[in-house]
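Student: Just input_35.cif, nothing more (mmCIF, C-alpha atoms):
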```cif
data_structure
#
loop_
_atom_site.label_atom_id
_atom_site.label_comp_id
_atom_site.auth_asym_id
_atom_site.auth_seq_id
_atom_site.Cartn_x
_atom_site.Cartn_y
_atom_site.Cartn_z
CA MET U 51 25.32 23.18 17.30
CA LYS U 52 24.75 21.07 14.23
CA THR U 53 21.75 19.37 15.82
CA LEU U 54 20.30 22.68 16.98
CA GLY U 55 20.72 24.16 13.51
CA THR U 56 18.97 21.17 11.97
CA LYS U 57 16.08 21.56 14.38
CA ARG U 58 15.76 25.23 13.50
CA ILE U 59 15.67 24.40 9.80
CA ASP U 60 13.06 21.68 10.41
CA VAL U 61 10.84 24.06 12.38
CA LYS U 62 11.11 26.68 9.66
CA LYS U 63 10.30 24.10 7.01
CA HIS U 64 7.34 22.91 9.06
CA ASN U 65 6.00 26.44 9.47
CA ARG U 66 6.27 27.14 5.73
CA GLY U 67 4.39 23.92 5.07
CA GLN U 68 1.68 24.91 7.52
CA ILE U 69 1.28 28.32 5.86
CA LEU U 70 0.91 26.66 2.47
CA LYS U 71 -1.65 24.23 3.92
CA LEU U 72 -3.70 27.00 5.54
CA ILE U 73 -3.86 28.92 2.27
CA ALA U 74 -4.51 25.87 0.05
CA THR U 75 -7.32 24.54 2.25
CA GLY U 76 -9.00 27.94 2.55
CA THR U 77 -8.43 28.13 6.31
CA CYS U 78 -6.52 31.42 6.08
CA ASN U 79 -6.69 33.91 3.22
CA ASN U 80 -4.31 36.68 4.32
CA ARG U 81 -1.42 37.49 6.66
CA VAL U 82 -3.70 38.73 9.43
CA GLU U 83 -5.48 35.38 9.57
CA LEU U 84 -2.15 33.52 9.43
CA VAL U 85 -0.81 35.49 12.40
CA ALA U 86 -3.93 34.74 14.44
CA HIS U 87 -4.03 31.04 13.49
CA MET U 88 -0.33 30.23 13.94
CA GLY U 89 0.33 32.48 16.94
CA MET U 90 3.45 33.95 15.35
CA THR U 91 4.58 37.53 14.88
CA LYS U 92 3.54 39.53 11.86
CA MET U 93 7.21 39.85 10.83
CA ALA U 94 7.80 36.08 11.01
CA ILE U 95 4.71 35.38 8.88
CA THR U 96 5.67 38.09 6.39
CA ASN U 97 9.17 36.63 6.00
CA MET U 98 7.89 33.10 5.41
CA VAL U 99 5.23 34.26 2.98
CA SER U 100 7.95 36.15 1.09
CA GLU U 101 10.07 32.99 0.90
CA LEU U 102 7.10 31.04 -0.49
CA ALA U 103 6.42 33.87 -2.94
CA ASP U 104 10.04 33.72 -4.14
CA LYS U 105 9.50 30.03 -4.90
CA GLY U 106 6.37 30.87 -6.91
CA LEU U 107 4.10 29.09 -4.44
CA VAL U 108 2.22 32.08 -2.99
CA LYS U 109 0.99 35.24 -4.67
CA GLU U 110 -0.75 38.34 -3.43
CA GLY U 111 -4.22 38.88 -4.79
CA GLY U 112 -6.94 41.44 -4.19
CA VAL U 113 -8.03 43.12 -0.99
CA ASP U 114 -10.05 41.11 1.56
CA GLN U 115 -12.90 43.16 2.99
CA CYS U 116 -13.16 43.01 6.77
CA ASP U 117 -14.93 44.79 9.57
CA GLY U 118 -13.15 47.08 12.00
CA VAL U 119 -10.60 49.85 11.92
CA GLY U 120 -7.54 49.83 9.71
CA ARG U 121 -6.60 48.80 6.23
CA ASN U 122 -8.15 45.75 4.66
CA PRO U 123 -5.58 42.92 4.34
CA ILE U 124 -4.20 41.76 1.00
CA SER U 125 -5.36 38.27 0.12
CA LEU U 126 -2.93 35.42 -0.48
CA ARG U 127 -3.38 32.63 -2.99
CA ILE U 128 -1.44 29.87 -4.70
CA PRO U 129 -0.78 30.85 -8.32
CA SER U 130 -1.72 28.77 -11.34
CA GLY U 131 1.97 28.25 -12.15
CA ALA U 132 2.61 26.30 -8.94
CA PRO U 133 3.39 22.58 -9.34
CA ASN U 134 0.59 20.07 -9.76
CA THR U 135 0.41 16.60 -8.23
CA ILE U 136 -0.42 13.26 -9.83
CA GLY U 137 -2.60 10.79 -7.97
CA ILE U 138 -2.95 7.11 -8.94
CA LEU U 139 -5.75 4.90 -7.56
CA ILE U 140 -5.42 1.10 -7.79
CA LEU U 141 -8.61 -0.90 -7.20
CA ARG U 142 -9.79 -4.38 -8.16
CA ASP U 143 -11.95 -3.24 -11.07
CA ARG U 144 -10.05 -0.20 -12.33
CA CYS U 145 -7.05 2.09 -12.10
CA GLU U 146 -7.49 5.85 -12.21
CA ALA U 147 -5.19 8.84 -12.46
CA VAL U 148 -5.85 12.46 -11.58
CA LEU U 149 -3.91 15.70 -11.87
CA CYS U 150 -4.65 18.31 -9.19
CA ASP U 151 -3.42 21.71 -8.08
CA PHE U 152 -2.80 22.68 -4.45
CA TYR U 153 -6.49 23.50 -4.01
CA LEU U 154 -7.32 19.91 -5.00
CA ASN U 155 -9.02 21.15 -8.15
CA VAL U 156 -9.06 18.37 -10.76
CA ARG U 157 -7.27 19.48 -13.92
CA HIS U 158 -7.23 16.14 -15.72
CA ARG U 159 -8.22 12.54 -15.03
CA LYS U 160 -8.31 9.19 -16.77
CA THR U 161 -9.67 5.72 -15.96
CA ILE U 162 -8.69 2.28 -17.28
CA MET U 163 -10.93 -0.66 -16.39
CA LEU U 164 -9.17 -3.90 -15.45
CA GLN U 165 -9.89 -7.09 -17.39
CA GLN U 166 -8.09 -9.93 -15.60
CA PRO U 167 -4.62 -8.35 -15.86
CA ASP U 168 -1.40 -10.05 -14.83
CA LYS U 169 1.32 -8.21 -12.92
CA ARG U 170 3.12 -6.94 -16.02
CA GLU U 171 -0.08 -5.60 -17.58
CA LEU U 172 -1.08 -3.85 -14.35
CA ILE U 173 2.28 -2.08 -14.19
CA SER U 174 1.91 -1.04 -17.84
CA ILE U 175 -1.52 0.42 -17.06
CA ILE U 176 -0.10 2.43 -14.15
CA TYR U 177 2.66 3.75 -16.43
CA ALA U 178 0.14 4.65 -19.14
CA LEU U 179 -1.99 6.62 -16.69
CA THR U 180 1.02 8.48 -15.33
CA ASP U 181 2.23 9.25 -18.86
CA ALA U 182 -1.21 10.67 -19.69
CA MET U 183 -1.00 13.10 -16.75
CA LEU U 184 2.54 14.14 -17.69
CA GLU U 185 1.45 14.84 -21.26
CA TYR U 186 -1.02 17.33 -19.82
CA GLU U 187 1.39 18.91 -17.30
CA LYS U 188 5.16 18.62 -16.85
CA ASN U 189 5.49 20.74 -13.69
CA ILE U 190 4.88 17.99 -11.11
CA LEU U 191 5.49 18.03 -7.36
CA GLY U 192 5.24 14.27 -6.91
CA ILE U 193 3.14 11.14 -7.42
CA GLY U 194 0.74 9.79 -4.81
CA ILE U 195 -0.56 6.21 -4.79
CA SER U 196 -3.81 5.07 -3.18
CA SER U 197 -4.17 1.29 -3.34
CA ILE U 198 -6.21 -1.62 -2.06
CA GLY U 199 -4.39 -3.49 0.66
CA PRO U 200 -2.67 -4.95 2.36
CA ILE U 201 0.32 -2.80 1.50
CA ASP U 202 3.82 -2.35 2.84
CA PHE U 203 3.75 1.36 3.67
CA ASP U 204 7.50 1.84 4.11
CA ARG U 205 8.46 0.07 0.89
CA GLY U 206 5.52 1.38 -1.15
CA MET U 207 4.52 -2.15 -2.13
CA ILE U 208 1.19 -3.85 -2.81
CA LEU U 209 1.39 -7.15 -0.93
CA ASN U 210 -1.28 -9.81 -1.49
CA PRO U 211 -4.80 -8.34 -1.82
CA PRO U 212 -7.55 -11.00 -2.00
CA TYR U 213 -9.47 -11.34 -5.28
CA PHE U 214 -6.79 -9.40 -7.18
CA TYR U 215 -6.15 -11.74 -10.11
CA GLY U 216 -3.37 -13.50 -8.21
CA ILE U 217 -1.24 -10.36 -8.38
CA HIS U 218 1.01 -9.75 -5.38
CA ASP U 219 4.26 -8.12 -4.24
CA ILE U 220 4.37 -5.13 -6.61
CA PRO U 221 6.90 -2.42 -5.61
CA VAL U 222 4.79 0.36 -7.10
CA ALA U 223 6.59 3.28 -5.45
CA SER U 224 10.11 2.26 -6.48
CA LEU U 225 8.98 1.44 -10.03
CA LEU U 226 7.51 4.91 -10.45
CA GLU U 227 10.44 6.66 -8.77
CA ASP U 228 12.91 4.90 -11.08
CA ARG U 229 10.88 5.63 -14.21
CA TYR U 230 9.94 9.26 -13.57
CA SER U 231 12.56 10.56 -11.09
CA LEU U 232 9.80 12.04 -8.93
CA PRO U 233 9.05 11.50 -5.23
CA VAL U 234 6.34 8.88 -4.71
CA PHE U 235 4.20 8.40 -1.59
CA MET U 236 1.81 5.49 -1.15
CA ASP U 237 -0.87 4.52 1.35
CA HIS U 238 -3.91 2.28 1.70
CA ASP U 239 -6.91 3.56 -0.27
CA ASN U 240 -9.08 3.96 2.83
CA GLN U 241 -6.40 5.84 4.75
CA SER U 242 -5.81 8.03 1.70
CA ALA U 243 -9.53 8.81 1.51
CA ALA U 244 -9.59 9.78 5.19
CA LEU U 245 -6.58 12.06 4.60
CA ALA U 246 -8.41 13.88 1.80
CA GLU U 247 -11.36 14.46 4.10
CA LEU U 248 -9.04 15.58 6.92
CA LEU U 249 -7.20 18.15 4.81
CA TYR U 250 -9.95 19.44 2.52
CA GLY U 251 -13.28 17.77 3.27
CA ASN U 252 -15.81 17.18 6.01
CA GLY U 253 -13.10 16.04 8.42
CA LYS U 254 -11.22 19.36 8.29
CA ASN U 255 -10.50 20.70 11.79
CA ARG U 256 -11.87 17.47 13.34
CA ASP U 257 -9.89 15.74 16.06
CA SER U 258 -11.17 12.22 15.46
CA PHE U 259 -13.33 10.58 12.83
CA MET U 260 -13.75 7.50 10.70
CA LEU U 261 -14.29 7.33 6.97
CA LEU U 262 -16.39 4.21 6.35
CA GLY U 263 -16.00 3.01 2.77
CA ILE U 264 -18.82 0.80 1.49
CA ALA U 265 -18.04 -0.76 -1.88
CA ARG U 266 -17.24 -4.31 -3.03
CA GLY U 267 -15.66 -4.61 0.39
CA VAL U 268 -16.02 -2.54 3.55
CA GLY U 269 -13.02 -0.55 4.69
CA CYS U 270 -12.17 2.43 6.80
CA GLY U 271 -9.65 5.15 7.42
CA ILE U 272 -9.40 6.56 10.92
CA VAL U 273 -8.17 9.94 12.14
CA LYS U 274 -7.27 10.24 15.82
CA ASN U 275 -5.81 13.33 17.50
CA GLY U 276 -5.85 15.11 14.15
CA ALA U 277 -3.69 12.55 12.33
CA LEU U 278 -4.13 9.24 10.53
CA TYR U 279 -4.42 6.38 12.98
CA VAL U 280 -2.06 3.43 12.32
CA ASP U 281 -0.19 0.89 14.37
CA SER U 282 3.59 0.63 14.68
CA ARG U 283 3.69 -1.37 11.43
CA LYS U 284 1.62 1.35 9.71
CA LEU U 285 -1.15 -1.11 8.87
CA ALA U 286 -4.58 0.36 8.12
CA PRO U 287 -7.51 -0.46 10.44
CA GLU U 288 -10.07 -3.01 9.19
CA VAL U 289 -13.61 -2.29 10.38
CA GLY U 290 -14.88 -4.60 7.64
CA HIS U 291 -13.54 -7.49 9.67
CA VAL U 292 -15.26 -6.59 12.91
CA SER U 293 -17.53 -9.56 13.65
CA ILE U 294 -21.20 -8.83 14.19
CA ASP U 295 -22.16 -12.52 14.47
CA TYR U 296 -19.71 -15.03 15.92
CA ARG U 297 -21.80 -17.86 14.45
CA GLY U 298 -22.21 -16.16 11.10
CA LYS U 299 -20.77 -16.73 7.65
CA LYS U 300 -17.13 -17.77 7.33
CA CYS U 301 -14.97 -14.90 6.09
CA ILE U 302 -11.83 -15.08 3.96
CA CYS U 303 -9.91 -13.72 6.96
CA GLY U 304 -10.82 -16.89 8.92
CA ASN U 305 -13.27 -15.22 11.28
CA ARG U 306 -17.05 -15.55 11.22
CA GLY U 307 -19.73 -12.91 10.80
CA CYS U 308 -17.49 -10.08 9.56
CA LEU U 309 -19.36 -6.88 8.70
CA GLU U 310 -17.98 -6.96 5.15
CA LEU U 311 -19.86 -10.18 4.38
CA TYR U 312 -23.25 -8.53 4.92
CA VAL U 313 -23.04 -4.91 3.79
CA ASN U 314 -20.71 -4.84 0.78
CA THR U 315 -22.31 -3.32 -2.31
CA ASP U 316 -22.55 -6.58 -4.24
CA GLU U 317 -24.36 -8.29 -1.37
CA ILE U 318 -26.82 -5.40 -0.92
CA LEU U 319 -27.43 -5.15 -4.67
CA GLY U 320 -28.17 -8.86 -4.89
CA ARG U 321 -30.84 -8.53 -2.21
CA LEU U 322 -32.37 -5.39 -3.74
CA ARG U 323 -32.48 -6.82 -7.26
CA LYS U 324 -34.09 -10.02 -6.04
CA ALA U 325 -36.68 -8.05 -4.06
CA THR U 326 -37.59 -5.65 -6.90
CA GLY U 327 -36.80 -7.54 -10.09
CA GLN U 328 -34.83 -4.50 -11.28
CA SER U 329 -31.14 -4.30 -12.23
CA LEU U 330 -30.31 -0.84 -11.00
CA SER U 331 -27.03 0.42 -9.57
CA PHE U 332 -26.70 0.99 -5.84
CA ALA U 333 -27.15 4.73 -6.41
CA GLY U 334 -30.21 3.98 -8.54
CA PHE U 335 -31.88 1.96 -5.80
CA CYS U 336 -31.08 4.66 -3.24
CA GLN U 337 -32.83 7.26 -5.41
CA MET U 338 -35.98 5.32 -6.29
CA LYS U 339 -39.19 5.25 -4.28
CA GLU U 340 -38.91 2.55 -1.66
CA THR U 341 -41.05 -0.54 -1.46
CA ASP U 342 -41.68 -2.23 1.88
CA ARG U 343 -39.17 -4.94 0.98
CA MET U 344 -36.50 -2.37 0.03
CA CYS U 345 -37.10 -0.55 3.31
CA GLU U 346 -36.62 -3.82 5.17
CA ILE U 347 -33.30 -4.44 3.42
CA PHE U 348 -31.95 -0.93 4.02
CA GLU U 349 -32.96 -1.07 7.68
CA ASP U 350 -31.23 -4.42 8.09
CA VAL U 351 -28.06 -3.04 6.47
CA THR U 352 -28.18 0.05 8.72
CA GLU U 353 -28.62 -2.12 11.80
CA LYS U 354 -25.61 -4.24 10.92
CA ILE U 355 -23.40 -1.19 10.27
CA THR U 356 -24.58 0.32 13.55
CA SER U 357 -23.59 -2.85 15.43
CA ALA U 358 -20.00 -2.67 14.14
CA LEU U 359 -19.66 1.08 14.55
CA VAL U 360 -20.87 1.13 18.15
CA SER U 361 -17.98 -1.16 19.08
CA THR U 362 -15.51 0.98 17.10
CA VAL U 363 -16.77 4.25 18.57
CA ASN U 364 -16.56 2.77 22.08
CA LEU U 365 -12.92 1.81 21.48
CA LEU U 366 -11.77 5.08 19.88
CA ASN U 367 -14.31 7.68 21.07
CA LEU U 368 -14.81 9.04 17.56
CA ASP U 369 -16.52 12.40 16.99
CA LEU U 370 -17.74 11.70 13.48
CA VAL U 371 -18.38 8.95 10.92
CA LEU U 372 -18.17 9.87 7.24
CA LEU U 373 -19.89 7.59 4.75
CA GLY U 374 -17.75 7.10 1.67
CA TYR U 375 -17.76 5.46 -1.78
CA ASP U 376 -21.18 3.84 -2.45
CA GLY U 377 -22.17 4.79 1.09
CA VAL U 378 -22.64 8.42 0.03
CA HIS U 379 -25.81 7.36 -1.82
CA LEU U 380 -27.53 5.94 1.26
CA PRO U 381 -30.93 7.70 1.65
CA GLU U 382 -30.98 10.46 4.24
CA LYS U 383 -33.36 8.69 6.59
CA TYR U 384 -30.89 5.81 6.98
CA VAL U 385 -27.99 8.20 7.55
CA LYS U 386 -30.02 9.68 10.42
CA GLN U 387 -31.03 6.22 11.62
CA LEU U 388 -27.37 5.21 11.69
CA GLU U 389 -26.42 8.30 13.70
CA ASP U 390 -29.29 7.79 16.15
CA GLY U 391 -28.41 4.12 16.59
CA ILE U 392 -24.73 4.81 17.33
CA ASN U 393 -25.61 7.45 19.91
CA GLU U 394 -28.29 5.32 21.52
CA PHE U 395 -26.02 2.34 22.15
CA LYS U 396 -22.50 3.76 22.55
CA PHE U 397 -21.16 3.75 26.11
CA ALA U 398 -20.40 7.48 26.47
CA ARG U 399 -23.73 8.57 25.02
CA ASP U 400 -24.29 11.24 27.68
CA ARG U 401 -20.96 12.99 27.04
CA SER U 402 -21.09 14.03 23.38
CA ARG U 403 -22.87 13.11 20.17
CA THR U 404 -21.13 11.25 17.36
CA GLY U 405 -22.21 12.68 14.03
CA VAL U 406 -22.75 10.79 10.78
CA LYS U 407 -22.58 12.51 7.40
CA ARG U 408 -21.52 11.83 3.84
CA ALA U 409 -17.91 12.24 2.77
CA TYR U 410 -17.36 15.60 1.10
CA PHE U 411 -15.59 14.03 -1.88
CA GLY U 412 -18.07 11.18 -2.24
CA GLU U 413 -16.89 8.43 -4.55
CA ASP U 414 -13.68 10.37 -5.34
CA SER U 415 -12.25 10.35 -1.82
CA GLN U 416 -9.80 7.52 -2.56
CA LEU U 417 -8.56 9.10 -5.79
CA LEU U 418 -8.08 12.57 -4.34
CA GLY U 419 -6.53 10.95 -1.30
CA ALA U 420 -3.72 9.74 -3.56
CA VAL U 421 -2.91 13.39 -4.33
CA CYS U 422 -3.09 14.22 -0.62
CA ASN U 423 -0.44 11.58 0.13
CA VAL U 424 2.00 13.93 -1.59
CA LEU U 425 0.57 17.26 -0.43
CA ASN U 426 0.61 16.13 3.19
CA GLN U 427 4.38 15.65 2.92
CA VAL U 428 4.67 19.30 1.95
CA TYR U 429 2.30 20.52 4.64
CA SER U 430 3.84 18.42 7.44
CA PRO U 431 7.39 17.65 6.35
CA GLY U 432 9.18 14.79 8.07
CA SER U 433 12.44 13.02 7.51
CA GLU U 434 11.43 12.10 3.97
CA ASN U 435 9.44 14.97 2.57
CA VAL U 436 8.86 16.50 -0.81
CA THR U 437 11.43 19.22 -1.42
CA LEU U 438 9.78 22.43 -2.52
CA PRO U 439 11.30 23.82 -5.71
CA SER U 440 13.71 26.74 -5.47
CA SER U 441 11.68 28.31 -8.25
CA VAL U 442 8.67 27.28 -10.24
CA PRO U 443 9.26 26.62 -13.95
CA SER U 444 6.68 27.39 -16.56
CA ALA U 445 4.31 24.56 -17.43
CA GLY U 446 5.74 22.29 -20.06
CA THR U 447 9.40 23.07 -19.35
#
```
How would this structure read if it were set down as structure tokens?

Tutor:
Amino acid sequence: MKTLGTKRIDVKKHNRGQILKLIATGTCNNRVELVAHMGMTKMAITNMVSELADKGLVKEGGVDQCDGVGRNPISLRIPSGAPNTIGILILRDRCEAVLCDFYLNVRHRKTIMLQQPDKRELISIIYALTDAMLEYEKNILGIGISSIGPIDFDRGMILNPPYFYGIHDIPVASLLEDRYSLPVFMDHDNQSAALAELLYGNGKNRDSFMLLGIARGVGCGIVKNGALYVDSRKLAPEVGHVSIDYRGKKCICGNRGCLELYVNTDEILGRLRKATGQSLSFAGFCQMKETDRMCEIFEDVTEKITSALVSTVNLLNLDLVLLGYDGVHLPEKYVKQLEDGINEFKFARDRSRTGVKRAYFGEDSQLLGAVCNVLNQVYSPGSENVTLPSSVPSAGT
């Protein structure tokens, strides 16, 4: 009986989380749409919406206009007084913080550039960013961390990232939990970015896709069967270390010819600047009129990415590739060239077409993904989920 009761409570909690997710992501805007989407009775939906309303998490709005006979349904929305979430992004060159509502609207953000910090200074920077968000808003649901890897997912710890000033073994999650008495959820930056696209972006309602992050390194987050794809140790996938030339350059991982060695932003910029004599940013080069030499470089980069992605698509049968970070600036003709190349050479090319498009959140996918690490715990509660408040206090209390 105790086990059965627990299961019933878990199902109810899950359903409330799903309702909140459907409203927050704009998938459903009223009870009628919730009934149709969730396949539940009108009474069950009404009861759960009422419970969320009692907690201050859902509020009735205006009337939604619809075709057909009968009354127009009353719209549902998440009120401005609902808790906000803090997201912290930890990269090699900077740390950022953002404060978002349930709709992933940015209410406040702050960036601190890193100048050869040691471990103690990095922790102080993370605290300072969190303090800045709390000065703006006290009503906080939780703190999400999006960090370069490798990380220990279960312990919320940054392990030993290469080229990270010798910093290693930082228990970020426990440090923040102890200092702020808030739930903290951490994941790899690429997985976090993919989660943001899955919940709110161009991966919404997609069964399987990859977010390919092109920056100072090349990383990815993968969604398979509608959820983040990880192994039993919860390690993030590493498309940047797929070899495209077994006799190529030696990589820090010990392999040769890894994709990351040839198409990271610094490498591409070095080639473009040498070819043009100009010191533009990656976005700047992508926006300027191409020379023949620039075209040659971009085509070579696209060919190399295609080579790695064909192997990945063949292994996972992905429906979509989203270009993230600096990759969002790639000129349209190379986005199309990349899509055409993948579909020309993948094994199951006659079955379905794999699309390629830019990430909805562009260069902010990793940062907003930090927020989604918390929100996803509310939307799909597990054994260690964020507890929704019994009531929502006024901001600043």

Student: For CA of Asp342 in chain U and CA of Lys383 in chain U, quote the distance in Å rounded to one decimal.

Tutor: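 Atom-to-atom, CA of Asp342 in chain U to CA of Lys383 in chain U, that is 14.5 Å.
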
Student: Do you know which residues are at most 12 Å from Gln328 in chain U counting all atoms listed in the file, after dropping those on the same chain fewer than 5 positions away, and could you put them as a ChimeraX atom specification?

Tutor: /U:319-323,334-335,338,344

Student: For Thr96 in chain U, work out the shell of residues within 10 Å, counting all atoms listed in the file and skipping chain neighbours fewer than 3 positions away, then give it as a PyMOL selection string.

Tutor: chain U and resi 81-82+84-85+91-93+99-102

Student: Just want the 12 Å neighbourhood of range 164-168 of chain U, counted on all atoms listed in the file, with same-chain residues fewer than 2 positions away dropped. Output as an NGL selection string.

Tutor: :U and (140-146 or 161-162 or 170-176 or 213-218 or 220)

Student: Give me, as a list in words, all polymer residues having an atom no more than 9 Å from range 420-423 of chain U, counting all atoms listed in the file and skipping those fewer than 6 positions away in the same chain.

Tutor: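 Non-adjacent residues within range: Thr135, Ile136, Gly137, Ile138, Leu139, Val148, Leu149, Cys150, Leu154, Gly192, Ile193, Gly194, Ile195, Ser196, Ser197, Val234, Phe235, Met236, Asp237, Asp239, Ser242, Ala243, Leu245, Ala246 and Leu249 of chain U.
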
Student: Could you take the residues named above and write them with C-alpha atoms, as a short mmCIF file (atom, residue, chain, number, x, y, z; two decimals), in the frame of the given file?

Tutor:
```
data_model
loop_
_atom_site.label_atom_id
_atom_site.label_comp_id
_atom_site.auth_asym_id
_atom_site.auth_seq_id
_atom_site.Cartn_x
_atom_site.Cartn_y
_atom_site.Cartn_z
CA THR U 135 0.41 16.60 -8.23
CA ILE U 136 -0.42 13.26 -9.83
CA GLY U 137 -2.60 10.79 -7.97
CA ILE U 138 -2.95 7.11 -8.94
CA LEU U 139 -5.75 4.90 -7.56
CA VAL U 148 -5.85 12.46 -11.58
CA LEU U 149 -3.91 15.70 -11.87
CA CYS U 150 -4.65 18.31 -9.19
CA LEU U 154 -7.32 19.91 -5.00
CA GLY U 192 5.24 14.27 -6.91
CA ILE U 193 3.14 11.14 -7.42
CA GLY U 194 0.74 9.79 -4.81
CA ILE U 195 -0.56 6.21 -4.79
CA SER U 196 -3.81 5.07 -3.18
CA SER U 197 -4.17 1.29 -3.34
CA VAL U 234 6.34 8.88 -4.71
CA PHE U 235 4.20 8.40 -1.59
CA MET U 236 1.81 5.49 -1.15
CA ASP U 237 -0.87 4.52 1.35
CA ASP U 239 -6.91 3.56 -0.27
CA SER U 242 -5.81 8.03 1.70
CA ALA U 243 -9.53 8.81 1.51
CA LEU U 245 -6.58 12.06 4.60
CA ALA U 246 -8.41 13.88 1.80
CA LEU U 249 -7.20 18.15 4.81
#
```

Student: Name every residue that the PyMOL selection byres ((chain U and resi 268) around 12) selects in this structure, writing the answer as a PyMOL selection string with chains first and numbers rising.

Tutor: chain U and resi 198+239-240+261-267+269-271+287-292+308-317+355+358+373-377

Student: Do you know which residues the PyMOL selection byres ((chain U and resi 158) around 10) returns on this file, as a tab-separated table (two decimals) with C-alpha atoms, in the frame of the given file?

Tutor:
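Output (result-v2.tsv):
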```tsv
chain	number	residue	atom	x	y	z
U	136	ILE	CA	-0.42	13.26	-9.83
U	147	ALA	CA	-5.19	8.84	-12.46
U	148	VAL	CA	-5.85	12.46	-11.58
U	149	LEU	CA	-3.91	15.70	-11.87
U	150	CYS	CA	-4.65	18.31	-9.19
U	155	ASN	CA	-9.02	21.15	-8.15
U	156	VAL	CA	-9.06	18.37	-10.76
U	157	ARG	CA	-7.27	19.48	-13.92
U	159	ARG	CA	-8.22	12.54	-15.03
U	160	LYS	CA	-8.31	9.19	-16.77
U	182	ALA	CA	-1.21	10.67	-19.69
U	183	MET	CA	-1.00	13.10	-16.75
U	186	TYR	CA	-1.02	17.33	-19.82
U	187	GLU	CA	1.39	18.91	-17.30
```

Student: Using all atoms of range 103-108 of chain U that appear in the file, construct an axis-aligned enclosing box with 5 Å of padding on every side and provide its centre coordinates and edge lengths in Å, rounded to one decimal, as lines of an AutoDock Vina configuration file.

Tutor:
```
center_x = 6.1
center_y = 31.5
center_z = -4.9
size_x = 17.8
size_y = 14.8
size_z = 14.0
```

Student: Could you check the closest approach to Val363 in chain U for each of U:Gly67, U:Pro381, U:Gly391, U:Pro211 and tell me which residue wins, using only C-alpha atoms?

Tutor: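 Checking each of U:Gly67, U:Pro381, U:Gly391, U:Pro211 against Val363 in chain U, counting only C-alpha atoms, the winner is U:Gly391.
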
Student: Using the chain letters and residue numbers of this document, give as a PDB file with C-alpha atoms, in the frame of the given file the residues selected by the PyMOL selection byres ((chain U and resi 294) around 6).

Tutor:
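Output file selection_20.pdb is given in full below:
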```
ATOM      1  CA  SER U 293     -17.530  -9.560  13.650  1.00  0.00           C
ATOM      2  CA  ASP U 295     -22.160 -12.520  14.470  1.00  0.00           C
ATOM      3  CA  GLY U 307     -19.730 -12.910  10.800  1.00  0.00           C
TER       4      GLY U 307
END
```

Student: In terms of the shortest atom-to-atom distance over all atoms listed in the file, which of U:Ile190, U:Leu359, U:Ala223, U:Leu248 is closest to Lys71 in chain U?

Tutor: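 Answer, going by the shortest atom-to-atom distance: U:Leu248.
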